[in-house]
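Q: You'll find input.txt just under this line, and it carries compact mmCIF, C-alpha atoms.
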```txt
# COMPACT_ATOMS: atom_id res chain seq x y z
CA MET A 303 32.62 52.31 30.18
CA ARG A 304 29.01 51.83 29.15
CA LYS A 305 30.13 51.16 25.57
CA TRP A 306 32.39 48.36 26.79
CA ILE A 307 29.56 46.86 28.86
CA TRP A 308 27.08 46.98 26.01
CA GLY A 309 29.69 45.64 23.61
CA GLY A 310 30.29 42.73 25.94
CA ILE A 311 26.57 42.05 26.24
CA VAL A 312 26.22 42.05 22.46
CA LEU A 313 29.14 39.66 22.09
CA VAL A 314 27.63 37.30 24.66
CA ILE A 315 24.25 37.36 22.91
CA VAL A 316 25.87 36.70 19.53
CA GLY A 317 27.98 33.90 21.01
CA LEU A 318 24.93 32.28 22.59
CA GLY A 319 23.07 32.60 19.30
CA ILE A 320 25.87 30.91 17.39
CA ALA A 321 26.09 28.12 19.97
CA ALA A 322 22.32 27.58 19.96
CA TRP A 323 21.94 27.68 16.18
CA PRO A 324 22.60 23.96 15.53
CA TYR A 325 20.05 23.00 18.17
CA ALA A 326 17.49 25.51 16.92
CA ARG A 327 17.99 24.32 13.35
CA PHE A 328 17.58 20.69 14.45
CA ALA A 329 14.38 21.54 16.35
CA TYR A 330 13.04 23.42 13.34
CA LEU A 331 13.78 20.58 10.91
CA TRP A 332 12.45 17.96 13.33
CA HIS A 333 9.17 19.83 13.80
CA PHE A 334 8.54 20.72 10.17
CA TYR A 335 10.17 17.77 8.38
CA GLY A 336 10.60 15.02 10.98
CA PRO A 337 8.28 12.25 12.21
CA SER A 338 5.79 14.60 13.87
CA ALA A 339 5.37 16.52 10.62
CA LEU A 340 4.69 13.28 8.75
CA GLU A 341 2.16 12.21 11.38
CA ARG A 342 0.34 15.55 11.07
CA MET A 343 -0.15 15.22 7.31
CA ALA A 344 -3.70 14.74 6.07
CA VAL A 345 -4.21 11.26 4.65
CA SER A 346 -7.24 9.33 3.49
CA ALA A 347 -9.10 7.16 5.97
CA PRO A 348 -8.23 3.46 5.77
CA THR A 349 -10.66 1.24 3.92
CA ASP A 350 -10.32 -1.21 6.80
CA THR A 351 -8.21 -1.61 9.92
CA VAL A 352 -7.19 -5.23 10.07
CA ARG A 353 -6.33 -6.96 13.33
CA TYR A 354 -3.82 -9.78 12.90
CA GLY A 355 -3.40 -10.49 16.63
CA PRO A 356 -4.82 -9.60 20.07
CA ALA A 357 -2.14 -7.10 21.20
CA PRO A 358 -2.95 -3.37 20.85
CA LYS A 359 -0.26 -2.84 18.20
CA GLN A 360 -1.12 -5.90 16.13
CA TYR A 361 -3.08 -4.14 13.43
CA ALA A 362 -2.63 -2.76 9.93
CA ASP A 363 -4.44 -0.08 7.93
CA LEU A 364 -5.64 -1.29 4.54
CA ARG A 365 -6.29 1.28 1.81
CA VAL A 366 -7.89 0.16 -1.43
CA PRO A 367 -8.18 2.40 -4.51
CA PRO A 368 -11.53 3.00 -6.17
CA GLY A 369 -12.37 0.70 -9.05
CA LYS A 370 -12.95 -2.96 -9.76
CA GLY A 371 -9.43 -4.28 -9.35
CA PRO A 372 -7.72 -6.61 -8.92
CA PHE A 373 -5.23 -4.23 -7.35
CA PRO A 374 -1.52 -4.68 -6.79
CA ILE A 375 -0.68 -4.44 -3.11
CA ALA A 376 2.21 -2.76 -1.29
CA VAL A 377 2.85 -3.73 2.32
CA ILE A 378 4.33 -0.69 4.09
CA ILE A 379 6.52 -1.09 7.19
CA HIS A 380 7.46 1.91 9.32
CA GLY A 381 10.81 2.43 11.02
CA GLY A 382 11.77 3.57 14.49
CA CYS A 383 14.92 1.76 15.62
CA TRP A 384 12.91 -1.36 16.56
CA ASP A 385 12.16 0.50 19.81
CA VAL A 386 9.01 1.86 21.43
CA SER A 387 10.61 5.29 21.83
CA PHE A 388 10.57 5.90 18.09
CA GLY A 389 8.27 5.62 15.09
CA SER A 390 4.80 4.39 14.30
CA SER A 391 2.75 3.54 11.24
CA GLY A 392 1.62 7.18 11.23
CA THR A 393 5.04 8.35 10.04
CA ILE A 394 4.75 6.38 6.82
CA ALA A 395 0.99 6.77 6.27
CA PRO A 396 1.58 9.62 3.76
CA ILE A 397 3.54 7.19 1.55
CA ALA A 398 0.76 4.61 1.84
CA ASP A 399 -1.84 7.24 0.95
CA ALA A 400 0.19 8.50 -2.02
CA LEU A 401 0.54 4.97 -3.40
CA THR A 402 -3.17 4.28 -3.01
CA ARG A 403 -3.89 7.42 -5.00
CA ARG A 404 -1.78 5.89 -7.75
CA GLY A 405 -3.94 2.80 -7.92
CA ILE A 406 -1.95 0.56 -5.55
CA ALA A 407 -3.63 -0.95 -2.50
CA THR A 408 -1.55 -0.59 0.66
CA LEU A 409 -1.31 -2.38 3.98
CA ASN A 410 0.40 -0.10 6.52
CA VAL A 411 1.57 -2.35 9.34
CA GLN A 412 1.81 -1.44 13.01
CA TYR A 413 3.80 -3.95 15.06
CA ARG A 414 5.31 -4.55 18.49
CA VAL A 415 8.88 -3.46 19.19
CA VAL A 416 11.32 -3.43 22.10
CA GLY A 417 9.48 -1.89 25.04
CA ASP A 418 6.12 -3.38 24.06
CA ALA A 419 4.94 -6.57 25.73
CA GLY A 420 6.01 -9.32 23.36
CA GLY A 421 8.14 -7.00 21.20
CA GLY A 422 11.73 -7.51 20.16
CA TRP A 423 12.92 -11.03 19.39
CA PRO A 424 10.93 -12.92 18.20
CA GLY A 425 7.69 -10.94 18.43
CA THR A 426 8.58 -8.01 16.14
CA MET A 427 9.45 -10.21 13.19
CA ARG A 428 6.60 -12.63 13.79
CA ASP A 429 4.21 -9.66 13.81
CA VAL A 430 5.43 -8.47 10.43
CA GLY A 431 5.24 -11.96 8.96
CA THR A 432 1.76 -12.56 10.36
CA ALA A 433 0.50 -9.23 8.98
CA ILE A 434 1.80 -10.09 5.51
CA ASP A 435 0.27 -13.56 5.63
CA ALA A 436 -3.09 -12.02 6.61
CA LEU A 437 -3.38 -10.75 3.03
CA ARG A 438 -4.50 -14.22 1.97
CA GLN A 439 -7.73 -13.72 3.92
CA LEU A 440 -8.17 -10.18 2.59
CA ALA A 441 -7.40 -10.77 -1.07
CA ARG A 442 -10.79 -11.94 -2.29
CA ARG A 443 -12.86 -9.46 -0.30
CA TYR A 444 -10.80 -6.45 -1.39
CA ARG A 445 -9.79 -7.65 -4.89
CA LEU A 446 -6.06 -7.78 -4.17
CA ASP A 447 -3.62 -9.34 -6.62
CA LEU A 448 -1.10 -11.18 -4.46
CA ASN A 449 0.96 -12.01 -7.55
CA ARG A 450 1.80 -8.28 -7.62
CA MET A 451 2.73 -7.83 -3.96
CA VAL A 452 5.63 -5.59 -2.93
CA VAL A 453 6.92 -5.05 0.61
CA ALA A 454 8.48 -1.65 1.33
CA GLY A 455 10.02 -0.47 4.60
CA HIS A 456 11.74 2.63 5.94
CA SER A 457 14.69 2.70 8.34
CA ALA A 458 14.33 -0.31 10.66
CA GLY A 459 11.45 -1.28 8.38
CA ALA A 460 13.93 -1.62 5.51
CA GLN A 461 15.52 -4.59 7.26
CA LEU A 462 12.08 -6.08 7.86
CA ALA A 463 11.05 -5.54 4.23
CA LEU A 464 14.15 -7.26 2.87
CA TRP A 465 13.74 -10.02 5.46
CA SER A 466 10.21 -10.71 4.23
CA ALA A 467 11.67 -12.08 0.98
CA MET A 468 13.70 -14.79 2.76
CA ARG A 469 11.14 -16.08 5.23
CA ASP A 470 11.03 -19.45 3.48
CA ARG A 471 14.77 -19.99 4.15
CA LEU A 472 15.00 -19.60 7.90
CA SER A 473 16.85 -22.17 9.97
CA PRO A 474 14.85 -25.22 11.11
CA GLY A 475 12.95 -24.45 14.29
CA SER A 476 13.58 -20.70 14.06
CA GLN A 477 11.42 -18.72 16.45
CA ILE A 478 10.54 -16.25 13.69
CA ALA A 479 9.45 -18.86 11.15
CA LEU A 480 5.79 -19.15 10.20
CA PRO A 481 4.29 -21.95 8.12
CA ASP A 482 3.80 -21.34 4.39
CA PRO A 483 4.94 -17.69 4.35
CA LEU A 484 3.53 -15.34 1.71
CA LEU A 485 6.55 -13.96 -0.13
CA PRO A 486 6.77 -10.62 -1.94
CA ARG A 487 7.51 -10.39 -5.64
CA ALA A 488 9.75 -7.35 -5.06
CA VAL A 489 11.06 -5.43 -2.05
CA VAL A 490 11.84 -1.77 -1.43
CA ALA A 491 14.31 -0.77 1.31
CA ILE A 492 14.23 2.92 2.21
CA ASP A 493 17.26 4.27 4.07
CA GLY A 494 17.82 1.32 6.36
CA PRO A 495 20.15 -1.66 6.85
CA GLY A 496 20.20 -5.01 5.08
CA ALA A 497 22.25 -6.57 7.88
CA LEU A 498 22.21 -6.18 11.65
CA ALA A 499 25.61 -7.14 13.06
CA GLU A 500 27.35 -4.51 10.91
CA PHE A 501 25.02 -1.83 12.29
CA ILE A 502 26.05 -2.41 15.93
CA GLY A 503 27.89 0.68 17.13
CA GLN A 504 26.38 2.90 14.47
CA ASP A 505 22.94 2.20 15.93
CA ALA A 506 23.76 4.20 19.07
CA ASP A 507 24.70 7.21 16.95
CA ALA A 508 21.60 6.92 14.76
CA CYS A 509 19.09 6.17 17.51
CA GLY A 510 20.66 7.83 20.54
CA LYS A 511 21.19 4.49 22.27
CA PRO A 512 22.11 0.90 21.37
CA VAL A 513 19.11 -0.83 19.80
CA ILE A 514 20.33 -3.88 17.85
CA VAL A 515 21.48 -6.00 20.80
CA PRO A 516 18.29 -5.29 22.84
CA PHE A 517 16.21 -6.06 19.74
CA MET A 518 17.98 -9.37 19.09
CA GLY A 519 18.26 -10.34 22.73
CA GLY A 520 22.04 -10.69 22.60
CA THR A 521 25.20 -9.99 20.66
CA PRO A 522 26.16 -11.79 17.43
CA ALA A 523 28.56 -13.92 19.49
CA GLN A 524 25.81 -14.86 21.95
CA VAL A 525 22.98 -15.58 19.48
CA PRO A 526 24.62 -16.04 16.06
CA GLN A 527 21.74 -17.98 14.52
CA ARG A 528 19.28 -15.22 15.38
CA TYR A 529 21.41 -12.72 13.49
CA ARG A 530 21.63 -15.02 10.50
CA ASP A 531 17.86 -15.56 10.48
CA ALA A 532 17.22 -11.81 10.72
CA SER A 533 19.84 -10.51 8.26
CA PRO A 534 18.88 -10.52 4.56
CA GLN A 535 22.52 -9.95 3.60
CA ASP A 536 23.33 -13.44 4.90
CA HIS A 537 20.79 -15.00 2.51
CA LEU A 538 21.67 -13.36 -0.79
CA PRO A 539 20.54 -13.81 -3.47
CA LEU A 540 16.98 -13.11 -2.38
CA HIS A 541 15.71 -13.98 -5.88
CA VAL A 542 13.44 -10.93 -6.10
CA PRO A 543 13.97 -7.46 -7.58
CA GLN A 544 15.22 -5.05 -4.95
CA TYR A 545 14.80 -1.29 -4.94
CA LEU A 546 16.85 0.72 -2.45
CA ALA A 547 16.37 4.39 -1.60
CA GLN A 548 19.46 5.93 0.02
CA ALA A 549 19.47 9.07 2.14
CA ALA A 550 21.09 9.66 5.55
CA PHE A 551 22.28 6.04 5.69
CA ALA A 552 23.43 5.86 2.07
CA ASP A 553 26.95 4.75 2.99
CA LEU A 554 25.62 2.13 5.42
CA MET A 555 23.43 0.67 2.67
CA GLN A 556 26.07 0.62 -0.06
CA PRO A 557 27.84 -2.61 1.00
CA TYR A 558 24.52 -4.44 0.95
CA ILE A 559 23.71 -3.04 -2.49
CA ASP A 560 27.09 -4.14 -3.81
CA LYS A 561 26.70 -7.64 -2.38
CA ALA A 562 23.15 -7.99 -3.71
CA ARG A 563 24.31 -7.03 -7.19
CA ARG A 564 27.22 -9.47 -7.03
CA SER A 565 24.80 -12.22 -5.99
CA GLY A 566 22.86 -11.72 -9.22
CA ASP A 567 19.75 -10.11 -7.73
CA PRO A 568 18.22 -7.29 -9.80
CA VAL A 569 18.97 -4.09 -7.86
CA THR A 570 17.82 -0.53 -8.51
CA ALA A 571 19.31 2.23 -6.34
CA TYR A 572 17.77 5.68 -5.87
CA ARG A 573 20.13 8.17 -4.22
CA PRO A 574 19.00 11.81 -4.39
CA THR A 575 21.41 14.45 -3.13
CA ASN A 576 20.97 16.43 0.10
CA THR A 577 18.29 14.10 1.40
CA GLY A 578 17.38 13.56 5.04
CA HIS A 579 16.19 10.40 6.72
CA PHE A 580 12.59 11.63 6.80
CA SER A 581 12.45 13.79 3.69
CA ILE A 582 12.98 10.56 1.71
CA ILE A 583 9.48 9.46 2.85
CA ASN A 584 7.76 12.84 2.63
CA PRO A 585 5.63 12.75 -0.53
CA THR A 586 5.26 16.55 -0.53
CA LEU A 587 9.00 16.89 -1.18
CA PRO A 588 10.84 15.96 -4.39
CA GLN A 589 12.91 13.32 -2.57
CA GLY A 590 9.81 11.63 -1.17
CA GLN A 591 8.06 11.86 -4.52
CA GLY A 592 11.01 9.95 -5.93
CA THR A 593 10.45 7.23 -3.33
CA VAL A 594 6.77 7.00 -4.26
CA ALA A 595 7.82 6.68 -7.90
CA LEU A 596 10.36 4.00 -6.96
CA ILE A 597 7.73 1.85 -5.22
CA THR A 598 5.27 2.45 -8.04
CA ASP A 599 7.91 1.34 -10.53
CA ALA A 600 8.60 -1.80 -8.48
CA VAL A 601 4.91 -2.68 -8.62
CA ARG A 602 4.34 -1.88 -12.27
CA LYS A 603 7.30 -3.93 -13.46
CA LEU A 604 5.78 -7.08 -11.98
CA PRO A 605 4.06 -9.33 -14.53
CA LYS A 606 0.28 -9.38 -14.33
```
Could you quickly redo this structure as structure tokens?
A:
Amino acid sequence: MRKWIWGGIVLVIVGLGIAAWPYARFAYLWHFYGPSALERMAVSAPTDTVRYGPAPKQYADLRVPPGKGPFPIAVIIHGGCWDVSFGSSGTIAPIADALTRRGIATLNVQYRVVGDAGGGWPGTMRDVGTAIDALRQLARRYRLDLNRMVVAGHSAGAQLALWSAMRDRLSPGSQIALPDPLLPRAVVAIDGPGALAEFIGQDADACGKPVIVPFMGGTPAQVPQRYRDASPQDHLPLHVPQYLAQAAFADLMQPYIDKARRSGDPVTAYRPTNTGHFSIINPTLPQGQGTVALITDAVRKLPK
């Protein structure tokens, strides 16, 4: 009888272990390779923390390499589902630091999102545009070469990075338009969408809740012009070289890549195998090193 009891106990323990394994594995990967791991990485101190507005999140960390310059500049935009529950500039600081070590100045932008006062439409996109335009005031002091400016973004930041190249083509009177926008000479989209309407439905799976409609303040049927103004795919060709790193959302990105190529834009795709959404921006891993190389290549191919 005791053997049967102990056998049953063992079977229960094994069954519980098997059931818990996916959750334990997820927790392990999230802790050691997810956003918190990226935020714990040691990075160099910013050369300057630039405030581009009065709100607490309206700032950007500028890193400038040693030397005389002028330096090419990469604007770095973090992801996080456009929502206050996810992401910060700390998750992508290791990429900014790695690029600066390669001789590229970086501006790592923090910005307001849904859940922050003034975040969502139009504040999120105006924040990103204002931060980019602030480089005009920083260029002389920090010896930045704005003719060699690249904007790179991860996840939700990928949409914002691609969008930065079409800011001069927004609809008249658009709430996200700023006068005389500073445009990048190349853009890098890292595992994120180039269009928003097509992401509705998948966003709840990726982020754990719907995020596109709250971010845009309505559905595509309710605010169609907002979606057009925010979706780079609707403005192809962007007329700049585009570099796209594909990982967890590789299939989501592929239609945009195909359309960009058909439009005549120069497109380079980087798609390593067995790559997670955060390992693609971890410069201590081969996949993340490939992303650093991709951004570096985007910068170095620009004419001086």
Q: Grab the CA of Arg365 in chain A to CA of Asp447 in chain A distance for me, in Å with one decimal place.
A: 13.8 Å
Q: Given all atoms listed in the file as the basis, pick out the residue of A:Pro522, A:Gly389, A:Gly422, A:Pro374 nearest to Pro486 in chain A.
A: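 That would be A:Pro374, the residue with the smallest distance to Pro486 in chain A.
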Q: For range 542-559 of chain A, find every residue with an atom within 8 Å (counting all atoms listed in the file), except residues of its own chain fewer than 2 positions away, and show them as a ChimeraX atom specification.
A: /A:467,486-497,501,535,540,561-563,567-579,582,593,596-597,600
Q: For the atom pair CA of Arg428 in chain A and CA of Tyr413 in chain A, what is the interatomic distance in Å to one decimal place?
A: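 Computing it gives 9.2 Å between the two atoms.
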Q: Using only C-alpha atoms for the distances, tell me which of A:Leu409, A:Ser466, A:Asp482, A:Trp423 is nearest to Val525 in chain A.
A: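 For Val525 in chain A, the nearest of the candidates is A:Trp423.
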Q: Find the spatial neighbours of Ala400 in chain A, counting only C-alpha atoms, within a cut-off of 10 Å - ignore same-chain residues fewer than 4 positions away - and output them as a ChimeraX atom specification.
A: /A:345-346,395-396,404-406,408,584-586,591,594-595,598
Q: What residues have an atom no more than 10 Å from (19.9, -17.7, 13.6) in the file's own frame, counting only C-alpha atoms, and can you write them as a CSV table (one decimal) with C-alpha atoms, in the coordinates of the input?
A:
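Written output follows (part-v2.csv):
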```csv
chain,number,residue,atom,x,y,z
A,472,LEU,CA,15.0,-19.6,7.9
A,473,SER,CA,16.8,-22.2,10.0
A,474,PRO,CA,14.8,-25.2,11.1
A,475,GLY,CA,13.0,-24.4,14.3
A,476,SER,CA,13.6,-20.7,14.1
A,477,GLN,CA,11.4,-18.7,16.4
A,478,ILE,CA,10.5,-16.2,13.7
A,522,PRO,CA,26.2,-11.8,17.4
A,525,VAL,CA,23.0,-15.6,19.5
A,526,PRO,CA,24.6,-16.0,16.1
A,527,GLN,CA,21.7,-18.0,14.5
A,528,ARG,CA,19.3,-15.2,15.4
A,529,TYR,CA,21.4,-12.7,13.5
A,530,ARG,CA,21.6,-15.0,10.5
A,531,ASP,CA,17.9,-15.6,10.5
A,532,ALA,CA,17.2,-11.8,10.7
A,533,SER,CA,19.8,-10.5,8.3
```
Q: If you measure from CA of Asp385 in chain A to CA of Ala523 in chain A, what distance in Å do you get, rounded to one decimal?
A: 21.8 Å
Q: Taking only C-alpha atoms into account, which of A:His541, A:Ile583, A:Asp505, A:Leu401 comes nearest Ala339 in chain A?
A: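 Among the listed residues, the smallest separation from Ala339 in chain A belongs to A:Ile583.
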Q: Counting only C-alpha atoms, which of A:Thr402, A:Val515, A:Trp465, A:Ile434 gets nearest to Gly503 in chain A?
A: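 Counting only C-alpha atoms, the residue closest to Gly503 in chain A is A:Val515.
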Q: Could you pull the residues within 10 Å of range 442-444 of chain A, counting only C-alpha atoms, minus those fewer than 6 positions along the same chain, as a ChimeraX atom specification?
A: /A:349-350,364-367,370-373,407
